[in-house]
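Novice: structure00.tsv is reproduced in full below (TSV, C-alpha atoms and all ligand atoms).
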```
chain	number	residue	atom	x	y	z
A	1	MET	CA	-1.91	81.18	-57.24
A	2	HIS	CA	-2.62	78.01	-59.24
A	3	PHE	CA	-5.59	77.20	-61.44
A	4	ILE	CA	-6.38	73.57	-61.99
A	5	LYS	CA	-9.09	72.46	-64.37
A	6	LEU	CA	-10.70	69.29	-63.11
A	7	ASN	CA	-13.85	67.74	-64.63
A	8	ASN	CA	-15.12	71.16	-65.73
A	9	LEU	CA	-14.68	72.32	-62.17
A	10	LEU	CA	-12.26	75.14	-61.84
A	11	VAL	CA	-10.44	74.70	-58.61
A	12	ILE	CA	-8.53	77.77	-57.61
A	13	ALA	CA	-5.92	76.99	-55.04
A	14	LEU	CA	-3.92	79.40	-53.00
A	15	VAL	CA	-1.15	77.14	-51.82
A	16	SER	CA	2.55	77.56	-51.65
A	17	THR	CA	4.45	75.83	-54.46
A	18	SER	CA	6.27	73.62	-51.99
A	19	LEU	CA	2.97	71.97	-51.07
A	20	LEU	CA	2.29	71.10	-54.69
A	21	SER	CA	4.88	68.36	-54.63
A	22	SER	CA	2.96	66.52	-51.92
A	23	TYR	CA	0.49	63.80	-52.80
A	24	ALA	CA	-2.92	64.88	-54.08
A	25	TYR	CA	-5.94	63.15	-52.59
A	26	PRO	CA	-7.69	61.05	-55.23
A	27	GLY	CA	-11.19	61.74	-56.51
A	28	PHE	CA	-13.26	64.80	-55.91
A	29	ASN	CA	-11.59	65.62	-52.66
A	30	PHE	CA	-8.99	67.62	-54.48
A	31	ASP	CA	-6.71	68.93	-51.85
A	32	TRP	CA	-3.09	68.87	-50.83
A	33	GLY	CA	-3.77	68.09	-47.24
A	34	GLY	CA	-3.28	70.51	-44.44
A	35	ARG	CA	-5.81	72.30	-42.38
A	36	ASN	CA	-6.94	74.87	-44.86
A	37	HIS	CA	-8.29	78.25	-43.93
A	38	GLY	CA	-10.02	78.69	-47.19
A	39	SER	CA	-13.09	80.80	-47.45
A	40	ARG	CA	-11.48	84.05	-48.45
A	41	GLY	CA	-13.39	85.63	-51.29
A	42	GLY	CA	-16.18	83.07	-50.85
A	43	ILE	CA	-14.12	80.30	-52.48
A	44	SER	CA	-13.54	77.17	-50.49
A	45	TYR	CA	-10.45	75.13	-51.16
A	46	GLY	CA	-11.06	71.42	-50.99
A	47	LEU	CA	-14.82	71.39	-50.36
A	48	SER	CA	-17.15	70.59	-53.23
A	49	PRO	CA	-20.92	70.10	-53.57
A	50	GLN	CA	-20.21	66.88	-55.52
A	51	PHE	CA	-18.01	65.37	-52.83
A	52	TYR	CA	-20.30	62.36	-52.15
A	53	GLN	CA	-21.55	62.05	-55.74
A	54	PHE	CA	-20.00	58.58	-56.14
A	55	SER	CA	-19.21	57.49	-52.58
A	56	CYS	CA	-22.64	58.19	-51.06
A	57	PRO	CA	-25.09	59.77	-53.51
A	58	GLN	CA	-28.03	59.21	-51.16
A	59	ALA	CA	-26.42	61.13	-48.24
A	60	ASN	CA	-28.64	64.18	-48.47
A	61	ASP	CA	-31.82	62.11	-48.92
A	62	ILE	CA	-31.02	60.19	-45.75
A	63	VAL	CA	-30.45	63.41	-43.82
A	64	MET	CA	-33.70	64.89	-45.12
A	65	SER	CA	-35.81	61.84	-44.28
A	66	VAL	CA	-34.56	61.74	-40.68
A	67	LEU	CA	-35.17	65.50	-40.39
A	68	GLU	CA	-38.71	65.23	-41.72
A	69	LYS	CA	-39.56	62.58	-39.15
A	70	ALA	CA	-37.96	64.51	-36.29
A	71	MET	CA	-39.69	67.75	-37.27
A	72	ALA	CA	-43.06	66.01	-37.49
A	73	LYS	CA	-42.60	65.19	-33.79
A	74	ASN	CA	-41.29	68.61	-32.80
A	75	MET	CA	-40.58	71.50	-35.16
A	76	ARG	CA	-38.06	73.02	-32.76
A	77	ILE	CA	-35.46	70.47	-33.77
A	78	ALA	CA	-34.88	72.44	-36.99
A	79	ALA	CA	-33.81	75.48	-34.98
A	80	SER	CA	-31.66	73.40	-32.66
A	81	LEU	CA	-29.79	71.78	-35.56
A	82	LEU	CA	-29.22	75.08	-37.34
A	83	ARG	CA	-27.69	76.46	-34.15
A	84	LEU	CA	-25.54	73.34	-33.68
A	85	HIS	CA	-23.73	73.99	-36.98
A	86	PHE	CA	-23.06	77.60	-35.94
A	87	HIS	CA	-21.64	76.59	-32.55
A	88	ASP	CA	-19.51	73.96	-34.28
A	89	CYS	CA	-18.06	76.30	-36.90
A	90	PHE	CA	-17.15	79.12	-34.48
A	91	VAL	CA	-14.92	76.78	-32.46
A	92	GLN	CA	-11.81	75.50	-34.33
A	93	GLY	CA	-13.81	75.52	-37.57
A	94	CYS	CA	-16.57	73.25	-38.91
A	95	ASP	CA	-15.05	70.00	-37.67
A	96	ALA	CA	-17.81	68.45	-35.52
A	97	SER	CA	-15.77	69.22	-32.38
A	98	ILE	CA	-19.05	70.15	-30.65
A	99	LEU	CA	-20.33	66.57	-30.95
A	100	LEU	CA	-17.56	64.96	-28.88
A	101	ASP	CA	-18.57	63.76	-25.42
A	102	ASP	CA	-16.35	63.97	-22.36
A	103	SER	CA	-13.77	61.16	-22.26
A	104	PRO	CA	-10.29	60.72	-20.76
A	105	ALA	CA	-8.84	62.45	-23.83
A	106	ILE	CA	-11.62	64.97	-24.53
A	107	VAL	CA	-12.99	67.91	-22.55
A	108	SER	CA	-16.36	68.32	-24.21
A	109	GLU	CA	-17.58	71.65	-25.59
A	110	LYS	CA	-21.05	70.61	-24.47
A	111	ASN	CA	-20.30	72.01	-21.01
A	112	SER	CA	-19.27	75.50	-22.11
A	113	GLY	CA	-21.22	78.56	-20.97
A	114	PRO	CA	-23.00	79.05	-24.31
A	115	ASN	CA	-23.78	75.32	-24.72
A	116	LYS	CA	-24.57	73.92	-21.29
A	117	ASN	CA	-28.28	73.37	-20.67
A	118	SER	CA	-28.89	75.03	-24.02
A	119	ILE	CA	-27.55	73.34	-27.14
A	120	ARG	CA	-29.55	70.31	-28.31
A	121	GLY	CA	-30.23	68.00	-31.24
A	122	PHE	CA	-27.48	65.42	-30.61
A	123	GLU	CA	-29.84	62.43	-30.74
A	124	VAL	CA	-31.02	63.38	-34.23
A	125	ILE	CA	-27.40	63.69	-35.41
A	126	ASP	CA	-26.77	60.21	-33.95
A	127	GLU	CA	-29.74	58.83	-35.85
A	128	ILE	CA	-28.58	60.38	-39.14
A	129	LYS	CA	-25.07	59.04	-38.55
A	130	ALA	CA	-26.35	55.52	-37.81
A	131	LYS	CA	-28.36	55.47	-41.06
A	132	LEU	CA	-25.43	56.82	-43.06
A	133	GLU	CA	-23.06	54.24	-41.56
A	134	GLU	CA	-25.46	51.52	-42.73
A	135	ALA	CA	-25.70	52.93	-46.26
A	136	CYS	CA	-22.12	54.16	-46.74
A	137	PRO	CA	-19.77	52.98	-43.97
A	138	GLN	CA	-17.18	55.52	-42.77
A	139	THR	CA	-17.81	57.89	-45.63
A	140	VAL	CA	-19.88	60.88	-44.55
A	141	SER	CA	-18.24	62.97	-41.83
A	142	CYS	CA	-20.07	64.28	-38.77
A	143	ALA	CA	-19.04	67.82	-39.74
A	144	ASP	CA	-20.78	67.39	-43.11
A	145	ILE	CA	-23.82	65.92	-41.35
A	146	LEU	CA	-24.05	69.12	-39.28
A	147	ALA	CA	-23.84	71.25	-42.44
A	148	LEU	CA	-26.42	69.11	-44.28
A	149	ALA	CA	-28.75	69.15	-41.27
A	150	ALA	CA	-28.48	72.94	-40.97
A	151	ARG	CA	-29.38	73.41	-44.62
A	152	GLY	CA	-32.14	70.80	-44.50
A	153	SER	CA	-33.64	72.39	-41.39
A	154	THR	CA	-33.70	75.76	-43.14
A	155	ILE	CA	-35.40	74.34	-46.23
A	156	LEU	CA	-37.98	72.32	-44.28
A	157	SER	CA	-38.85	75.43	-42.24
A	158	GLY	CA	-39.64	77.36	-45.43
A	159	GLY	CA	-36.27	79.04	-45.92
A	160	PRO	CA	-33.83	79.13	-48.83
A	161	ASN	CA	-31.84	76.30	-50.38
A	162	TRP	CA	-28.19	76.58	-51.45
A	163	GLU	CA	-25.50	74.51	-53.09
A	164	LEU	CA	-23.57	73.15	-50.14
A	165	PRO	CA	-19.81	72.52	-50.33
A	166	LEU	CA	-18.95	69.15	-48.73
A	167	GLY	CA	-15.87	67.15	-47.81
A	168	ARG	CA	-15.16	68.33	-44.27
A	169	ARG	CA	-13.43	65.81	-42.03
A	170	ASP	CA	-13.87	65.38	-38.29
A	171	SER	CA	-11.53	66.61	-35.57
A	172	ARG	CA	-9.76	64.48	-33.01
A	173	THR	CA	-10.04	67.30	-30.48
A	174	ALA	CA	-12.52	69.67	-28.89
A	175	SER	CA	-11.97	73.04	-27.25
A	176	LEU	CA	-13.96	74.00	-24.20
A	177	ILE	CA	-11.98	77.23	-23.93
A	178	GLY	CA	-12.61	78.01	-27.59
A	179	SER	CA	-16.30	77.44	-27.05
A	180	ASN	CA	-16.36	79.76	-24.03
A	181	ASN	CA	-14.37	82.46	-25.81
A	182	ASN	CA	-15.61	82.46	-29.40
A	183	ILE	CA	-19.38	82.17	-29.26
A	184	PRO	CA	-20.96	85.59	-28.76
A	185	PRO	CA	-23.13	86.05	-25.63
A	186	PRO	CA	-26.76	87.20	-25.86
A	187	ASN	CA	-26.05	90.45	-23.98
A	188	ALA	CA	-23.31	91.41	-26.44
A	189	THR	CA	-23.12	94.99	-27.67
A	190	ILE	CA	-23.09	95.62	-31.41
A	191	GLN	CA	-19.32	96.25	-31.23
A	192	ASN	CA	-18.84	92.90	-29.43
A	193	LEU	CA	-20.86	91.11	-32.11
A	194	ILE	CA	-18.92	92.66	-34.96
A	195	THR	CA	-15.65	91.70	-33.23
A	196	PHE	CA	-16.71	88.07	-32.64
A	197	PHE	CA	-17.72	87.71	-36.29
A	198	LYS	CA	-14.61	89.49	-37.64
A	199	ARG	CA	-12.45	87.05	-35.68
A	200	GLN	CA	-13.97	84.32	-37.87
A	201	GLY	CA	-13.55	86.28	-41.08
A	202	LEU	CA	-17.24	87.22	-41.21
A	203	ASP	CA	-18.44	90.79	-41.75
A	204	GLU	CA	-21.44	92.93	-40.79
A	205	VAL	CA	-23.48	91.56	-43.67
A	206	ASP	CA	-22.89	88.01	-42.43
A	207	LEU	CA	-23.68	89.06	-38.85
A	208	VAL	CA	-27.08	90.51	-39.71
A	209	ALA	CA	-28.03	87.83	-42.23
A	210	LEU	CA	-27.02	84.93	-39.97
A	211	SER	CA	-28.74	86.49	-36.97
A	212	GLY	CA	-31.83	86.00	-39.13
A	213	ALA	CA	-31.60	82.32	-38.08
A	214	HIS	CA	-33.44	83.59	-35.00
A	215	THR	CA	-36.54	83.57	-37.20
A	216	ILE	CA	-37.01	80.06	-35.78
A	217	GLY	CA	-36.52	78.57	-32.33
A	218	VAL	CA	-36.65	79.76	-28.76
A	219	ALA	CA	-34.53	81.25	-25.99
A	220	ARG	CA	-34.55	80.74	-22.24
A	221	CYS	CA	-35.51	83.54	-19.89
A	222	ALA	CA	-31.96	83.45	-18.47
A	223	THR	CA	-30.63	84.69	-21.82
A	224	PHE	CA	-32.65	87.94	-21.88
A	225	LYS	CA	-33.43	88.60	-18.20
A	226	GLN	CA	-30.75	91.26	-17.91
A	227	ARG	CA	-32.62	93.38	-20.48
A	228	LEU	CA	-35.81	93.29	-18.47
A	229	TYR	CA	-34.45	94.18	-15.03
A	230	ASN	CA	-30.87	95.35	-15.05
A	231	GLN	CA	-29.75	96.41	-18.49
A	232	ASN	CA	-27.09	98.91	-17.46
A	233	GLY	CA	-26.34	97.93	-13.89
A	234	LYS	CA	-28.88	100.51	-12.68
A	235	ASN	CA	-31.82	98.17	-12.11
A	236	GLU	CA	-33.52	99.48	-15.21
A	237	ALA	CA	-35.02	97.85	-18.29
A	238	ASP	CA	-33.58	98.24	-21.78
A	239	VAL	CA	-35.36	101.32	-23.19
A	240	SER	CA	-35.36	99.86	-26.71
A	241	ILE	CA	-37.95	97.17	-25.79
A	242	GLU	CA	-41.47	97.95	-27.04
A	243	ARG	CA	-43.83	98.36	-24.03
A	244	THR	CA	-46.49	95.70	-24.64
A	245	PHE	CA	-43.80	93.22	-25.56
A	246	TYR	CA	-41.89	94.18	-22.41
A	247	PHE	CA	-44.84	93.52	-20.09
A	248	GLY	CA	-45.48	90.19	-21.82
A	249	LEU	CA	-41.89	89.13	-21.35
A	250	LYS	CA	-41.92	90.10	-17.66
A	251	THR	CA	-44.83	87.77	-16.89
A	252	MET	CA	-43.03	84.75	-18.30
A	253	CYS	CA	-39.56	85.82	-17.18
A	254	PRO	CA	-39.78	87.09	-13.60
A	255	ARG	CA	-36.98	88.96	-11.85
A	256	SER	CA	-36.18	85.89	-9.82
A	257	GLY	CA	-36.56	82.28	-10.98
A	258	GLY	CA	-38.07	81.00	-14.22
A	259	ASP	CA	-34.66	80.86	-15.87
A	260	ASN	CA	-35.61	77.89	-18.05
A	261	ASN	CA	-38.94	79.31	-19.27
A	262	ILE	CA	-38.74	79.67	-23.03
A	263	SER	CA	-39.91	82.34	-25.48
A	264	PRO	CA	-39.88	82.30	-29.25
A	265	LEU	CA	-37.08	84.34	-30.81
A	266	ASP	CA	-39.55	85.44	-33.52
A	267	PHE	CA	-42.99	85.90	-31.95
A	268	GLY	CA	-44.62	86.49	-35.33
A	269	SER	CA	-43.92	83.06	-36.80
A	270	PRO	CA	-41.70	81.00	-34.52
A	271	ARG	CA	-41.70	77.86	-36.69
A	272	MET	CA	-41.51	79.54	-40.07
A	273	PHE	CA	-38.23	80.57	-41.67
A	274	ASP	CA	-39.14	84.01	-43.01
A	275	ASN	CA	-38.20	87.67	-42.47
A	276	THR	CA	-40.61	88.52	-39.65
A	277	TYR	CA	-37.65	88.39	-37.23
A	278	PHE	CA	-36.43	91.63	-38.86
A	279	LYS	CA	-39.89	93.18	-38.92
A	280	PHE	CA	-40.17	92.56	-35.20
A	281	ILE	CA	-36.81	94.17	-34.54
A	282	LEU	CA	-38.10	97.30	-36.30
A	283	GLN	CA	-40.96	97.29	-33.77
A	284	GLY	CA	-38.64	97.00	-30.77
A	285	ARG	CA	-39.55	93.36	-30.32
A	286	GLY	CA	-36.22	91.63	-30.78
A	287	LEU	CA	-35.91	89.07	-27.97
A	288	LEU	CA	-32.19	89.08	-27.24
A	289	ASN	CA	-30.06	92.15	-26.72
A	290	SER	CA	-27.92	90.84	-29.59
A	291	ASP	CA	-30.98	90.91	-31.85
A	292	GLN	CA	-32.16	94.41	-30.98
A	293	VAL	CA	-28.73	96.08	-31.14
A	294	LEU	CA	-28.47	95.21	-34.83
A	295	LEU	CA	-30.91	98.11	-35.18
A	296	SER	CA	-30.41	100.20	-32.04
A	297	GLY	CA	-26.68	99.74	-31.44
A	298	GLY	CA	-25.68	102.87	-33.34
A	299	VAL	CA	-23.98	101.15	-36.28
A	300	ILE	CA	-25.56	102.48	-39.48
A	301	LYS	CA	-24.48	99.51	-41.60
A	302	THR	CA	-26.26	96.84	-39.52
A	303	GLN	CA	-29.23	99.15	-38.96
A	304	GLU	CA	-29.76	99.53	-42.70
A	305	LEU	CA	-29.40	95.80	-43.29
A	306	VAL	CA	-32.14	95.08	-40.73
A	307	LYS	CA	-34.42	97.47	-42.60
A	308	LYS	CA	-33.58	95.97	-45.98
A	309	TYR	CA	-34.16	92.39	-44.83
A	310	ALA	CA	-37.45	93.41	-43.19
A	311	GLN	CA	-38.59	94.92	-46.50
A	312	ASP	CA	-37.36	92.28	-48.88
A	313	GLU	CA	-37.56	88.63	-47.88
A	314	ALA	CA	-36.03	87.35	-51.13
A	315	PHE	CA	-33.02	89.58	-50.54
A	316	PHE	CA	-32.66	88.22	-46.99
A	317	PHE	CA	-32.91	84.63	-48.22
A	318	GLN	CA	-30.24	85.23	-50.84
A	319	GLN	CA	-27.84	86.77	-48.35
A	320	PHE	CA	-28.60	84.16	-45.70
A	321	ALA	CA	-27.67	81.41	-48.16
A	322	MET	CA	-24.39	83.13	-49.06
A	323	SER	CA	-23.47	83.72	-45.44
A	324	MET	CA	-24.31	80.12	-44.51
A	325	ILE	CA	-21.86	78.96	-47.16
A	326	LYS	CA	-19.21	81.26	-45.64
A	327	LEU	CA	-20.04	79.93	-42.17
A	328	GLY	CA	-19.78	76.34	-43.39
A	329	ASN	CA	-16.40	77.03	-45.01
A	330	LEU	CA	-14.74	78.15	-41.78
A	331	ARG	CA	-11.46	76.25	-41.40
A	332	PRO	CA	-12.61	72.81	-42.51
A	333	ILE	CA	-10.29	69.84	-42.10
A	334	THR	CA	-9.61	68.27	-45.51
A	335	GLY	CA	-7.25	65.90	-47.25
A	336	PHE	CA	-5.61	63.29	-45.05
A	337	ASN	CA	-6.04	65.24	-41.85
A	338	GLY	CA	-8.68	64.50	-39.27
A	339	GLN	CA	-10.91	61.47	-39.73
A	340	VAL	CA	-14.44	60.36	-40.56
A	341	ARG	CA	-15.81	59.37	-37.17
A	342	LYS	CA	-17.89	56.20	-36.93
A	343	ASN	CA	-19.72	57.59	-33.95
A	344	CYS	CA	-20.02	61.37	-33.83
A	345	ARG	CA	-19.63	61.38	-30.03
A	346	ARG	CA	-16.11	59.93	-29.97
A	347	VAL	CA	-12.94	59.80	-32.02
A	348	ASN	CA	-12.21	56.51	-33.79
A	401	LIG	C1	-25.12	86.96	-33.49
A	401	LIG	C2	-24.82	86.37	-32.35
A	401	LIG	C3	-25.71	85.34	-31.72
A	401	LIG	C4	-26.04	85.28	-30.41
A	401	LIG	C5	-25.59	86.24	-29.32
A	401	LIG	C6	-26.93	84.16	-30.25
A	401	LIG	C7	-27.46	83.77	-29.05
A	401	LIG	C8	-28.45	82.82	-28.90
A	401	LIG	C9	-29.07	82.46	-27.66
A	401	LIG	C10	-28.72	83.04	-26.30
A	401	LIG	C11	-30.03	81.54	-27.92
A	401	LIG	C12	-30.96	80.87	-26.91
A	401	LIG	C13	-30.18	79.83	-26.14
A	401	LIG	C14	-30.90	79.33	-24.92
A	401	LIG	O1	-32.03	79.72	-24.67
A	401	LIG	O2	-30.33	78.52	-24.18
A	401	LIG	C15	-30.00	81.30	-29.33
A	401	LIG	C16	-30.83	80.43	-29.99
A	401	LIG	C17	-30.72	80.15	-31.33
A	401	LIG	N1	-29.73	80.59	-32.17
A	401	LIG	FE1	-28.46	82.10	-31.85
A	401	LIG	N2	-27.11	83.57	-31.45
A	401	LIG	C18	-26.38	84.23	-32.39
A	401	LIG	C19	-26.24	83.90	-33.72
A	401	LIG	C20	-26.82	82.79	-34.28
A	401	LIG	C21	-26.47	82.27	-35.59
A	401	LIG	C22	-25.38	82.83	-36.48
A	401	LIG	C23	-27.29	81.19	-35.81
A	401	LIG	C24	-27.32	80.26	-36.98
A	401	LIG	C25	-26.91	80.55	-38.18
A	401	LIG	C26	-28.15	81.07	-34.65
A	401	LIG	C27	-29.15	80.17	-34.51
A	401	LIG	C28	-29.96	80.05	-33.39
A	401	LIG	C29	-31.18	79.27	-33.36
A	401	LIG	C30	-31.82	78.59	-34.56
A	401	LIG	C31	-31.65	79.31	-32.05
A	401	LIG	C32	-32.85	78.56	-31.46
A	401	LIG	C33	-32.38	77.21	-30.98
A	401	LIG	C34	-33.46	76.30	-30.40
A	401	LIG	O3	-34.64	76.66	-30.38
A	401	LIG	O4	-33.09	75.21	-29.93
A	401	LIG	N3	-27.81	82.03	-33.74
A	401	LIG	N4	-29.02	82.08	-29.90
A	402	LIG	C1	-23.20	90.05	-19.88
A	402	LIG	O1	-23.47	89.08	-18.89
A	402	LIG	C2	-22.32	88.66	-18.19
A	402	LIG	C3	-22.69	87.47	-17.30
A	402	LIG	O2	-23.92	87.65	-16.69
A	402	LIG	C4	-21.72	89.83	-17.43
A	402	LIG	O3	-20.58	89.44	-16.71
A	402	LIG	C5	-21.36	90.93	-18.45
A	402	LIG	O4	-20.91	92.08	-17.78
A	402	LIG	C6	-22.57	91.30	-19.30
A	402	LIG	N1	-22.15	92.18	-20.37
A	402	LIG	C7	-22.81	93.28	-20.71
A	402	LIG	C8	-22.27	94.06	-21.87
A	402	LIG	O5	-23.79	93.68	-20.11
```
Would you mind writing the file's structure down as structure tokens?
Specialist:
Amino acid sequence: MHFIKLNNLLVIALVSTSLLSSYAYPGFNFDWGGRNHGSRGGISYGLSPQFYQFSCPQANDIVMSVLEKAMAKNMRIAASLLRLHFHDCFVQGCDASILLDDSPAIVSEKNSGPNKNSIRGFEVIDEIKAKLEEACPQTVSCADILALAARGSTILSGGPNWELPLGRRDSRTASLIGSNNNIPPPNATIQNLITFFKRQGLDEVDLVALSGAHTIGVARCATFKQRLYNQNGKNEADVSIERTFYFGLKTMCPRSGGDNNISPLDFGSPRMFDNTYFKFILQGRGLLNSDQVLLSGGVIKTQELVKKYAQDEAFFFQQFAMSMIKLGNLRPITGFNGQVRKNCRRVN
């Protein structure tokens, strides 16, 4: 373990001594190169909130102004962008792999089961990237844009702010298989969910807090139909759904057809980032199976967290912010590896 004091910033690096002899990247991007796996203990190696302090100080302002305009047109974009960062980070780390289009060299993640006909917000990312390329050419990575957009969307929806580590670089690859295998499905059991999150180094606290992102946005009928008509392969509904809510859902999500009809994930305040998502789960009105099982799945730890977050919004906000930092620190590419894409849809 090495401690390096750098501009009053204590950088704690867990690297092997052999790596120390390699060339250090100049400036704030203090890293020895290599794809680091650093978020253990909540410390990220190589990412820093000051990363663009000199190279592009206006980066966050540019992101926020594009977001404000996009949200004035349609609030849902905040939810879509928050989800985009999640689906990026769970597949080979937060490296903007999700933004790559199909090409001779790339099999796009956009066509995976969890993403196809579902994930959105790419045009807004393009717009942010175009503005950033004008202001600071080839400086701000697409992976950092996704992280900045996720935080900005949370803030502009009324949620918490946090100090965001930056300095991720963009991948040259995507993984369709990784996208199919690593993003949890909406009909997941509580054990499935815990396993998917553990695989990323995230725990039950992160699972429940980050699921709170479902306080904004919508889901298609196809993603919760099984709960209404065939929860256990016996042509029965999920018994944990509150009755009035259940009948309401059935009218907009019929047994056959209507797969693309959408419902808010948080019926209480679908555009507001708050803790009503958890209050609704306590009432049996979680929309997805993966939402409701946080309470009803038989795991005491997640059950108690749902209750705590429903009671105490400030506590939820605080934990959400911490878990978002952990999410954003998943296996970033730093140093000389990867690249800063000029166009988020293709490698340079
Ligand atoms: C815990 C496991 C999770 C599962 C099973 C899950 C599943 C889903 C599904 C099925 C949808 C609707 C997709 C559609 O209708 O096509 C959705 C929407 C959404 N998810 Fe998740 N999700 C999970 C965790 C997360 C996390 C960790 C975040 C962010 C931190 C997140 C953010 C969102 C948002 C904001 C939406 C609404 C998107 C929009 O309106 O465009 N989800 N999720
Ligand atoms: C979830 O849905 C998929 C696809 O419809 C199905 O194959 C799987 O068995 C379901 N899982 C559970 C736990 O119900």
Novice: Enumerate, in order of chain and increasing residue number, the residues of chain A with an atom no farther than 6 Å from ligand LIG 402 (chain A), each with its shortest atom pair and distance in Å to one decimal, counting only C-alpha atoms and all ligand atoms, as JSON lines.
Specialist:
```
{"residue": "A:Asn187", "atom": "CA", "partner": "A:LIG402", "partner_atom": "C1", "distance": 5.0}
{"residue": "A:Ala188", "atom": "CA", "partner": "A:LIG402", "partner_atom": "C8", "distance": 5.4}
{"residue": "A:Thr189", "atom": "CA", "partner": "A:LIG402", "partner_atom": "C8", "distance": 5.9}
```
Novice: Looking at A:Ala130, A:Ile98, A:Val205, A:Ile333, which one is nearest to ligand LIG 401 (chain A), with distances taken over all atoms listed in the file?
Specialist: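 Counting all atoms listed in the file, the residue closest to ligand LIG 401 (chain A) is A:Val205.
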Novice: Can I get the residues close to ligand LIG 401 (chain A) as a PyMOL selection string, where close means within 6 Å and we count all atoms listed in the file?
Specialist: chain A and resi 76+79-80+82-83+86+118+184-186+207+210-211+213-214+216-220+223+290
Novice: Do you have the CA of Ala78 (chain A)-CA of Lys116 (chain A) distance handy?
Specialist: 18.8 Å
Novice: Using all atoms listed in the file, which residue out of A:Gly178, A:Gly201, A:Gly328, A:Pro270 lies closest to Ser157 (chain A)?
Specialist: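 Of A:Gly178, A:Gly201, A:Gly328, A:Pro270, the one nearest Ser157 (chain A) is A:Pro270, counting all atoms listed in the file.
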Novice: So the first atom is CA of Ile241 (chain A) and the second is CA of Gly286 (chain A); what is the distance between them in Å, to one decimal place?
Specialist: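 Value for the CA of Ile241 (chain A)-CA of Gly286 (chain A) distance: 7.7 Å.
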Novice: With 10 Å as the threshold, what does the neighbourhood of (-26.8, 62.6, -48.3) contain in terms of residues, counting only C-alpha atoms? Coordinates are those of the file; answer as a short mmCIF file (atom, residue, chain, number, x, y, z; two decimals) with C-alpha atoms, in the coordinates of the input.
Specialist:
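To be explicit, this is the file written out as out-v7.cif:
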```cif
data_model
loop_
_atom_site.label_atom_id
_atom_site.label_comp_id
_atom_site.auth_asym_id
_atom_site.auth_seq_id
_atom_site.Cartn_x
_atom_site.Cartn_y
_atom_site.Cartn_z
CA TYR A 52 -20.30 62.36 -52.15
CA GLN A 53 -21.55 62.05 -55.74
CA CYS A 56 -22.64 58.19 -51.06
CA PRO A 57 -25.09 59.77 -53.51
CA GLN A 58 -28.03 59.21 -51.16
CA ALA A 59 -26.42 61.13 -48.24
CA ASN A 60 -28.64 64.18 -48.47
CA ASP A 61 -31.82 62.11 -48.92
CA ILE A 62 -31.02 60.19 -45.75
CA VAL A 63 -30.45 63.41 -43.82
CA MET A 64 -33.70 64.89 -45.12
CA SER A 65 -35.81 61.84 -44.28
CA ILE A 128 -28.58 60.38 -39.14
CA LEU A 132 -25.43 56.82 -43.06
CA ALA A 135 -25.70 52.93 -46.26
CA CYS A 136 -22.12 54.16 -46.74
CA VAL A 140 -19.88 60.88 -44.55
CA ASP A 144 -20.78 67.39 -43.11
CA ILE A 145 -23.82 65.92 -41.35
CA LEU A 148 -26.42 69.11 -44.28
CA ALA A 149 -28.75 69.15 -41.27
#
```
Novice: Could you list, as a list in words, every residue within 9 Å of Tyr246 (chain A), counting all atoms listed in the file and ignoring same-chain residues fewer than 5 positions away?
Specialist: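 Within the cut-off, the hits are Leu228, Ala237, Ile241, Thr251 and Arg285 of chain A.
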Novice: Give me, please, the distance in Å between CA of Gly297 (chain A) and CA of Arg199 (chain A), quoted to one decimal.
Specialist: 19.5 Å
